[in-house]
Amino acid sequence: MIEHLLPAAVRSRAVYGAELDSAPLFPEEAAAVAKAVAKRRAEYAAGRACARAALAGLGIAPGPIPRDPDRGAPVWPAGVVGSITHCDGYRAAAVARTSDVHTLGIDAEPHGPLPEGVLKVVTATDAEAAALERLGEEAPEIHWDRLLFSAKETVYKAWYPFHRKMLGFEEAELLFTRDPDAPDRGGYTARLLIPGPLLAENIGPDIFTGRWTTRNGLVTTAIVVPNPTAAPAA
């Protein structure tokens with residue numbers, strides 16, 4: 001599913017079920033999850049396997065993908081940006097060369113309502129809440145609260161490599177659109193609400209745009225920021 005949200009410059013690999021949950025890990029990767037529960041180790045192994053398959057699409061030989069010591073984000077080979085996601089029954093990774101893509105973030109979630117009380121934590125502004133309520137009336141078959149959660153995860157994943165700091169759910173306002181020809185997919189914009197210093201450094205965009213879809217019992221979302229110096233696609 002995630003591949004349908006990504007441009008040609010991005011390589012991806014996704015699997016359903018537990019197909020890659022027993023994939024081998026490099027020693028430093030295995031050490032990172034040695035004390036984790038079995039479910040976490042399986043997700044981690046499958047995510048790394050997907051990432052290596054995606055990297056192969058860029059012509060990059062298999063190698064370890066360690067964790068960032070601060071937040072646990074994947075550390076990609078030089079000249080590469082990427083993102084990994086996993087949820088029950090689905091694992092995926094997407095990568096691109098920095099010559100083509102500035103940053104990216106992907107996320108997958110089960111297409112069901114958020115647990116009670118989580119929406120209040122995820123929602124940033126009154127405008128965001130009002131838009132979500134309107135969409136819920138127009139298209140009740142879509143769990144917009146879960147879509148909001150997933151899309152904000154992609155904002156964080158795309159934002160973190162620039163700043164290497166947490167970005168709270170309340171620090172980005174998201175607004176969604178629907179594709180008139182395919183109501184189970186659409187786009188979104190994310191406006192960062194954090195004040196001053198970080199944006200003043202002119203590191204990365206303060207408005208992200210992304211795409212979403214709800215299919216096969218899943219919500220998938222993706223943000224890809226093209227490198228402004230990249231040559232136009234043929």
# chains A, B, ... in the order shown; residues from 1 in each chain; ligands from 1
$ residues_around --residues "segment 100-108 of chain A" --least-positions-apart "6" --cutoff "8 Å" --atoms "only C-alpha atoms" --output "ChimeraX atom specification"
/A:2,9-10,81-87,90,93-94,150-151,153-159,161,218-231
$ write_last_selection --atoms "N, CA and C atoms" --output "compact mmCIF listing (two decimals), in the first residue's frame"
# COMPACT_ATOMS: atom_id res chain seq x y z
N ILE A 2 1.91 1.28 0.81
CA ILE A 2 2.67 2.50 0.95
C ILE A 2 3.29 2.93 -0.37
N ALA A 9 11.24 8.47 -7.27
CA ALA A 9 12.58 8.56 -6.70
C ALA A 9 12.72 7.76 -5.41
N VAL A 10 11.62 7.36 -4.82
CA VAL A 10 11.63 6.63 -3.54
C VAL A 10 11.48 5.14 -3.80
N VAL A 81 18.07 9.08 2.78
CA VAL A 81 17.05 9.35 3.78
C VAL A 81 16.04 8.20 3.74
N GLY A 82 15.38 7.94 4.85
CA GLY A 82 14.45 6.83 4.86
C GLY A 82 13.53 6.84 6.06
N SER A 83 12.62 5.87 6.07
CA SER A 83 11.66 5.76 7.16
C SER A 83 11.16 4.32 7.20
N ILE A 84 10.90 3.84 8.42
CA ILE A 84 10.39 2.48 8.64
C ILE A 84 9.11 2.57 9.45
N THR A 85 8.16 1.71 9.16
CA THR A 85 6.93 1.65 9.96
C THR A 85 6.50 0.20 10.11
N HIS A 86 5.78 -0.07 11.18
CA HIS A 86 5.21 -1.40 11.38
C HIS A 86 4.00 -1.29 12.29
N CYS A 87 3.04 -2.14 12.03
CA CYS A 87 1.87 -2.30 12.90
C CYS A 87 1.43 -3.75 12.77
N TYR A 90 1.57 -5.67 9.24
CA TYR A 90 2.15 -4.89 8.13
C TYR A 90 3.47 -4.29 8.56
N ALA A 93 9.18 -0.11 4.63
CA ALA A 93 10.29 0.85 4.67
C ALA A 93 10.34 1.58 3.34
N ALA A 94 10.82 2.82 3.38
CA ALA A 94 10.98 3.63 2.17
C ALA A 94 12.29 4.39 2.28
N SER A 150 -1.70 8.97 12.51
CA SER A 150 -0.71 8.43 11.58
C SER A 150 0.00 9.55 10.83
N ALA A 151 -0.75 10.51 10.32
CA ALA A 151 -0.15 11.60 9.56
C ALA A 151 0.81 12.42 10.42
N GLU A 153 2.58 11.26 12.81
CA GLU A 153 3.79 10.46 12.92
C GLU A 153 4.72 10.72 11.74
N THR A 154 4.15 10.87 10.54
CA THR A 154 4.99 11.14 9.38
C THR A 154 5.63 12.52 9.46
N VAL A 155 4.92 13.49 10.03
CA VAL A 155 5.48 14.83 10.20
C VAL A 155 6.71 14.75 11.10
N TYR A 156 6.56 14.04 12.22
CA TYR A 156 7.69 13.91 13.15
C TYR A 156 8.88 13.21 12.48
N LYS A 157 8.59 12.13 11.73
CA LYS A 157 9.67 11.38 11.10
C LYS A 157 10.40 12.22 10.04
N ALA A 158 9.67 13.06 9.34
CA ALA A 158 10.30 13.93 8.34
C ALA A 158 11.02 15.11 8.98
N TRP A 159 10.54 15.56 10.13
CA TRP A 159 11.08 16.74 10.80
C TRP A 159 12.33 16.42 11.63
N PRO A 161 15.08 14.46 11.45
CA PRO A 161 16.47 14.50 10.98
C PRO A 161 17.07 15.89 10.91
N LEU A 218 -6.06 -0.96 6.83
CA LEU A 218 -4.95 -0.15 7.31
C LEU A 218 -5.12 1.32 6.90
N VAL A 219 -4.52 2.18 7.68
CA VAL A 219 -4.28 3.57 7.31
C VAL A 219 -2.80 3.69 6.99
N THR A 220 -2.47 4.22 5.82
CA THR A 220 -1.07 4.49 5.50
C THR A 220 -0.92 5.95 5.10
N THR A 221 0.17 6.56 5.52
CA THR A 221 0.41 7.97 5.26
C THR A 221 1.88 8.16 4.88
N ALA A 222 2.15 9.19 4.10
CA ALA A 222 3.53 9.43 3.66
C ALA A 222 3.76 10.89 3.35
N ILE A 223 4.91 11.39 3.78
CA ILE A 223 5.41 12.71 3.42
C ILE A 223 6.73 12.53 2.68
N VAL A 224 6.85 13.16 1.53
CA VAL A 224 8.12 13.16 0.79
C VAL A 224 8.41 14.60 0.38
N VAL A 225 9.54 15.13 0.82
CA VAL A 225 9.94 16.50 0.48
C VAL A 225 11.06 16.42 -0.55
N PRO A 226 10.78 16.79 -1.81
CA PRO A 226 11.81 16.71 -2.84
C PRO A 226 12.99 17.62 -2.53
N ASN A 227 14.16 17.21 -2.95
CA ASN A 227 15.33 18.08 -2.85
C ASN A 227 15.17 19.18 -3.89
N PRO A 228 15.18 20.45 -3.45
CA PRO A 228 14.94 21.53 -4.42
C PRO A 228 16.01 21.65 -5.49
N THR A 229 17.17 21.00 -5.29
CA THR A 229 18.23 21.06 -6.29
C THR A 229 18.21 19.88 -7.24
N ALA A 230 17.26 18.94 -7.03
CA ALA A 230 17.20 17.74 -7.87
C ALA A 230 16.79 18.11 -9.29
N ALA A 231 17.33 17.37 -10.25
CA ALA A 231 16.96 17.59 -11.65
C ALA A 231 15.53 17.18 -11.87
$ residues_around --residues "segment 35-48 of chain A" --least-positions-apart "4" --cutoff "10 Å" --atoms "only C-alpha atoms" --output "mmCIF file with C-alpha atoms, in the first residue's frame"
data_model
loop_
_atom_site.group_PDB
_atom_site.id
_atom_site.type_symbol
_atom_site.label_atom_id
_atom_site.label_comp_id
_atom_site.auth_asym_id
_atom_site.auth_seq_id
_atom_site.Cartn_x
_atom_site.Cartn_y
_atom_site.Cartn_z
ATOM 1 C CA ARG A 13 9.382 -2.619 0.389
ATOM 2 C CA ALA A 14 6.348 -3.749 2.346
ATOM 3 C CA VAL A 15 5.065 -7.092 3.598
ATOM 4 C CA GLY A 17 1.795 -10.668 8.103
ATOM 5 C CA ALA A 18 4.900 -12.219 9.648
ATOM 6 C CA GLU A 19 6.767 -12.992 6.423
ATOM 7 C CA LEU A 20 10.010 -11.278 7.504
ATOM 8 C CA ASP A 21 9.657 -11.402 11.288
ATOM 9 C CA SER A 22 12.485 -13.939 11.545
ATOM 10 C CA ALA A 23 14.834 -12.156 9.147
ATOM 11 C CA PRO A 24 18.476 -12.176 10.323
ATOM 12 C CA LEU A 25 19.935 -9.080 11.960
ATOM 13 C CA PHE A 26 23.452 -7.720 11.996
ATOM 14 C CA GLU A 29 21.027 -4.510 15.382
ATOM 15 C CA ALA A 30 20.425 -7.673 17.385
ATOM 16 C CA ALA A 31 22.096 -6.087 20.398
ATOM 17 C CA ARG A 52 17.586 -3.461 3.207
ATOM 18 C CA ALA A 53 15.357 -4.557 0.327
ATOM 19 C CA ALA A 54 14.442 -0.935 -0.368
ATOM 20 C CA GLY A 63 24.547 -3.586 5.842
ATOM 21 C CA PRO A 64 23.501 -2.749 9.392
ATOM 22 C CA ILE A 65 20.941 -0.022 10.009
ATOM 23 C CA PRO A 66 21.655 1.027 13.609
ATOM 24 C CA PRO A 74 17.102 4.451 11.977
ATOM 25 C CA SER A 83 11.656 5.756 7.158
ATOM 26 C CA ILE A 84 10.394 2.481 8.640
ATOM 27 C CA THR A 85 6.932 1.650 9.958
ATOM 28 C CA HIS A 86 5.213 -1.397 11.377
ATOM 29 C CA CYS A 87 1.874 -2.304 12.904
ATOM 30 C CA ASP A 88 -0.039 -5.540 13.421
ATOM 31 C CA GLY A 89 0.111 -7.423 10.128
ATOM 32 C CA TYR A 90 2.146 -4.888 8.135
ATOM 33 C CA ARG A 91 5.780 -3.787 7.925
ATOM 34 C CA ALA A 92 7.269 -1.310 5.433
ATOM 35 C CA ALA A 93 10.290 0.850 4.670
#
$ select_by_dssp --residues "segment 13-231 of chain A" --states "strand (DSSP E)" --output "ChimeraX atom specification"
/A:13-16,80-87,90-97,101-110,172-179,182-192,207-215,218-226
$ closest_residue --among "A:Thr125, A:Thr98, A:Ser12, A:Thr189" --to "Phe208 of chain A" --atoms "only C-alpha atoms"
A:Thr189
$ closest_residue --among "A:Gly217, A:Gly204, A:Gly210, A:Pro62" --to "His143 of chain A" --atoms "only C-alpha atoms"
A:Gly217
$ select_by_dssp --residues "segment 33-114 of chain A" --states "alpha helix (DSSP H)" --output "number ranges by chain"
A: 38-56
$ write_last_selection --atoms "C-alpha atoms" --output "CSV table (one decimal), in the first residue's frame"
chain,number,residue,atom,x,y,z
A,38,ALA,CA,9.4,-11.1,21.2
A,39,LYS,CA,6.8,-8.9,19.3
A,40,ARG,CA,9.2,-5.9,19.3
A,41,ARG,CA,12.1,-8.1,18.1
A,42,ALA,CA,10.0,-9.5,15.2
A,43,GLU,CA,8.8,-6.0,14.1
A,44,TYR,CA,12.4,-4.7,14.3
A,45,ALA,CA,13.7,-7.6,12.2
A,46,ALA,CA,11.0,-7.3,9.6
A,47,GLY,CA,11.5,-3.5,9.4
A,48,ARG,CA,15.2,-3.8,8.9
A,49,ALA,CA,14.7,-6.5,6.2
A,50,CYS,CA,12.3,-4.2,4.4
A,51,ALA,CA,14.7,-1.4,4.6
A,52,ARG,CA,17.6,-3.5,3.2
A,53,ALA,CA,15.4,-4.6,0.3
A,54,ALA,CA,14.4,-0.9,-0.4
A,55,LEU,CA,18.1,0.1,-0.2
A,56,ALA,CA,18.9,-2.6,-2.7
$ residues_around --residues "Leu119 of chain A" --least-positions-apart "3" --cutoff "9 Å" --atoms "only C-alpha atoms" --output "ChimeraX atom specification"
/A:114-116,122-123,145-146,148-149
$ write_last_selection --atoms "N, CA, C and O atoms" --output "PDB file, in the first residue's frame"
ATOM      1  N   LEU A 114      -9.107   5.503  17.484  1.00  0.00           N
ATOM      2  CA  LEU A 114      -8.094   5.625  18.525  1.00  0.00           C
ATOM      3  C   LEU A 114      -8.685   5.249  19.879  1.00  0.00           C
ATOM      4  O   LEU A 114      -9.891   5.389  20.093  1.00  0.00           O
ATOM      5  N   PRO A 115      -7.864   4.804  20.806  1.00  0.00           N
ATOM      6  CA  PRO A 115      -8.361   4.554  22.167  1.00  0.00           C
ATOM      7  C   PRO A 115      -8.954   5.824  22.776  1.00  0.00           C
ATOM      8  O   PRO A 115      -8.581   6.945  22.413  1.00  0.00           O
ATOM      9  N   GLU A 116      -9.870   5.648  23.690  1.00  0.00           N
ATOM     10  CA  GLU A 116     -10.551   6.762  24.346  1.00  0.00           C
ATOM     11  C   GLU A 116      -9.541   7.743  24.939  1.00  0.00           C
ATOM     12  O   GLU A 116      -8.602   7.358  25.632  1.00  0.00           O
ATOM     13  N   VAL A 122      -3.774  14.248  20.558  1.00  0.00           N
ATOM     14  CA  VAL A 122      -3.264  14.361  19.195  1.00  0.00           C
ATOM     15  C   VAL A 122      -3.657  15.680  18.547  1.00  0.00           C
ATOM     16  O   VAL A 122      -2.902  16.246  17.748  1.00  0.00           O
ATOM     17  N   THR A 123      -4.836  16.207  18.875  1.00  0.00           N
ATOM     18  CA  THR A 123      -5.362  17.406  18.213  1.00  0.00           C
ATOM     19  C   THR A 123      -4.615  18.646  18.674  1.00  0.00           C
ATOM     20  O   THR A 123      -4.396  18.854  19.865  1.00  0.00           O
ATOM     21  N   ASP A 145      -9.687  10.133  13.199  1.00  0.00           N
ATOM     22  CA  ASP A 145      -8.804  10.286  14.355  1.00  0.00           C
ATOM     23  C   ASP A 145      -7.535   9.448  14.186  1.00  0.00           C
ATOM     24  O   ASP A 145      -6.426   9.916  14.457  1.00  0.00           O
ATOM     25  N   ARG A 146      -7.695   8.218  13.693  1.00  0.00           N
ATOM     26  CA  ARG A 146      -6.525   7.374  13.463  1.00  0.00           C
ATOM     27  C   ARG A 146      -5.675   7.936  12.318  1.00  0.00           C
ATOM     28  O   ARG A 146      -4.444   7.895  12.368  1.00  0.00           O
ATOM     29  N   LEU A 148      -5.374  11.072  11.557  1.00  0.00           N
ATOM     30  CA  LEU A 148      -4.648  12.213  12.112  1.00  0.00           C
ATOM     31  C   LEU A 148      -3.415  11.751  12.877  1.00  0.00           C
ATOM     32  O   LEU A 148      -2.320  12.310  12.711  1.00  0.00           O
ATOM     33  N   PHE A 149      -3.576  10.736  13.695  1.00  0.00           N
ATOM     34  CA  PHE A 149      -2.450  10.205  14.463  1.00  0.00           C
ATOM     35  C   PHE A 149      -1.339   9.743  13.523  1.00  0.00           C
ATOM     36  O   PHE A 149      -0.160  10.067  13.710  1.00  0.00           O
TER      37      PHE A 149
END
$ residues_around --residues "Arg185 of chain A" --least-positions-apart "6" --cutoff "8 Å" --atoms "only C-alpha atoms" --output "count of residues only"
6
$ closest_atom_pairs --of "segment 173-226 of chain A" --to "segment 129-141 of chain A" --cutoff "9 Å" --atoms "only C-alpha atoms" --output "Markdown table"
| residue | atom | partner | partner_atom | distance |
| --- | --- | --- | --- | --- |
| A:Leu175 | CA | A:Ala131 | CA | 7.0 |
| A:Phe176 | CA | A:Ala131 | CA | 8.0 |
| A:Pro183 | CA | A:Ala139 | CA | 8.4 |
$ atom_distance --atom1 "atom CA of Asp184 of chain A" --atom2 "atom CA of Tyr16 of chain A"
19.5 Å
$ atom_distance --atom1 "atom CA of His4 of chain A" --atom2 "atom CA of Trp76 of chain A"
22.7 Å
$ atom_distance --atom1 "atom CA of Gly79 of chain A" --atom2 "atom CA of Leu58 of chain A"
11.0 Å
$ closest_residue --among "A:Ala61, A:Val95, A:Ala32, A:Ala78" --to "Arg11 of chain A" --atoms "only C-alpha atoms"
A:Val95
$ closest_residue --among "A:Ala73, A:Ile207, A:Leu193, A:Val80" --to "Phe169 of chain A" --atoms "only C-alpha atoms"
A:Leu193
